[in-house]
Every structure is written in structure tokens, then in C-alpha cells.
Amino acid sequence: MVQQSLALDLEDLRETIANILDIDTAEVTDDADFVEDLDMDSLLALEILVSLERKYQVKIGEEHMKEVRSLRSTYSLLATKLESA
């Protein structure tokens, strides 16, 4: 029996990222740039990657860190990883 991956939900992802960045979920708009708009640094980016890997049980290499720049791009990256898992 194959283990079903956690379903990818945009609002849940928004909340997860807001919690890591320690900001209000309303600030994490679909297109807000995590670095430019939300002051994410490389340590926070790594924390987001590790948290998403654990939560969704996928491997996201550091080469994908540049894709974790907005909610939309992060969602797209995760969706691709979950499809290929």
C-alpha cells in the first residue's frame, strides 16, 4: 500500500510560510516576494525548505532554493515534487 502524501493546500502553505517568517498570513500574498517584500534571508529560506520537506515528505535540494521566492512559485515547486514522488 502506497502512503498518500499530504494534500497540497495553498492556504495551509501560506500559513506555514507565515509562521516561519513570523508574520501575519495576510502579508503572504500569492505574489509577494519573500526576499524583497517579506525580508526573508538565506537562513529563513533554508528553514522553509526543511519544514516543507518534512511536512510533505519530499526532497527539495538546495538548488531549488531560488524557486522559494513567492507563495505561487513555492506552491508550483511543491506540486511538481509531489507529482513525481
# chains A, B, ... in the order shown; residues from 1 in each chain; ligands from 1

$ residues_around --residues "Arg14 (chain A)" --least-positions-apart "5" --cutoff "7 Å" --atoms "only C-alpha atoms" --output "list in words"
Thr25, Val28 and Leu71 of chain A

$ write_last_selection --atoms "all heavy atoms" --output "mmCIF file, in the first residue's frame"
data_model
loop_
_atom_site.group_PDB
_atom_site.id
_atom_site.type_symbol
_atom_site.label_atom_id
_atom_site.label_comp_id
_atom_site.auth_asym_id
_atom_site.auth_seq_id
_atom_site.Cartn_x
_atom_site.Cartn_y
_atom_site.Cartn_z
ATOM 1 N N THR A 25 -0.436 36.051 8.193
ATOM 2 C CA THR A 25 -0.701 35.315 6.948
ATOM 3 C C THR A 25 -1.160 36.242 5.823
ATOM 4 O O THR A 25 -0.898 35.963 4.661
ATOM 5 C CB THR A 25 -1.754 34.208 7.158
ATOM 6 O OG1 THR A 25 -2.911 34.776 7.753
ATOM 7 C CG2 THR A 25 -1.227 33.084 8.015
ATOM 8 N N VAL A 28 1.490 37.294 3.339
ATOM 9 C CA VAL A 28 1.984 36.305 2.384
ATOM 10 C C VAL A 28 0.975 36.204 1.242
ATOM 11 O O VAL A 28 0.196 35.265 1.151
ATOM 12 C CB VAL A 28 2.219 34.927 3.061
ATOM 13 C CG1 VAL A 28 2.853 33.952 2.074
ATOM 14 C CG2 VAL A 28 3.087 35.068 4.293
ATOM 15 N N LEU A 71 4.775 32.727 -2.761
ATOM 16 C CA LEU A 71 3.856 31.635 -2.449
ATOM 17 C C LEU A 71 3.542 30.842 -3.712
ATOM 18 O O LEU A 71 3.555 29.617 -3.717
ATOM 19 C CB LEU A 71 2.572 32.191 -1.827
ATOM 20 C CG LEU A 71 1.577 31.139 -1.328
ATOM 21 C CD1 LEU A 71 2.170 30.335 -0.183
ATOM 22 C CD2 LEU A 71 0.281 31.788 -0.899
#

$ residues_around --residues "Ala45 (chain A)" --least-positions-apart "5" --cutoff "8 Å" --atoms "only C-alpha atoms" --output "PyMOL selection string"
chain A and resi 40+65+68

$ closest_residue --among "A:Leu46, A:Leu13, A:Ala7, A:Val58" --to "Asp30 (chain A)" --atoms "only C-alpha atoms"
A:Leu13

$ closest_residue --among "A:Asp24, A:Glu36, A:Asp12, A:Glu83" --to "Arg69 (chain A)" --atoms "only C-alpha atoms"
A:Glu36

$ closest_residue --among "A:Ser70, A:Asp41, A:Ser76, A:His64" --to "Glu27 (chain A)" --atoms "only C-alpha atoms"
A:Ser70

$ atom_distance --atom1 "CA of Leu8 (chain A)" --atom2 "CA of Ala79 (chain A)"
7.0 Å

$ atom_distance --atom1 "CA of Leu49 (chain A)" --atom2 "CA of Lys81 (chain A)"
12.4 Å

$ select_by_dssp --residues "chain A" --states "alpha helix (DSSP H)" --output "PyMOL selection string"
chain A and resi 10-21+42-56+71-84

$ atom_distance --atom1 "CA of Val50 (chain A)" --atom2 "CA of Ala32 (chain A)"
20.7 Å

$ residues_around --residues "Asp39 (chain A)" --least-positions-apart "5" --cutoff "9 Å" --atoms "only C-alpha atoms" --output "list in words"
Leu21, Asp33 and Phe34 of chain A

$ closest_residue --among "A:Leu10, A:Arg54, A:Gly61, A:Val35" --to "Tyr75 (chain A)" --atoms "only C-alpha atoms"
A:Leu10
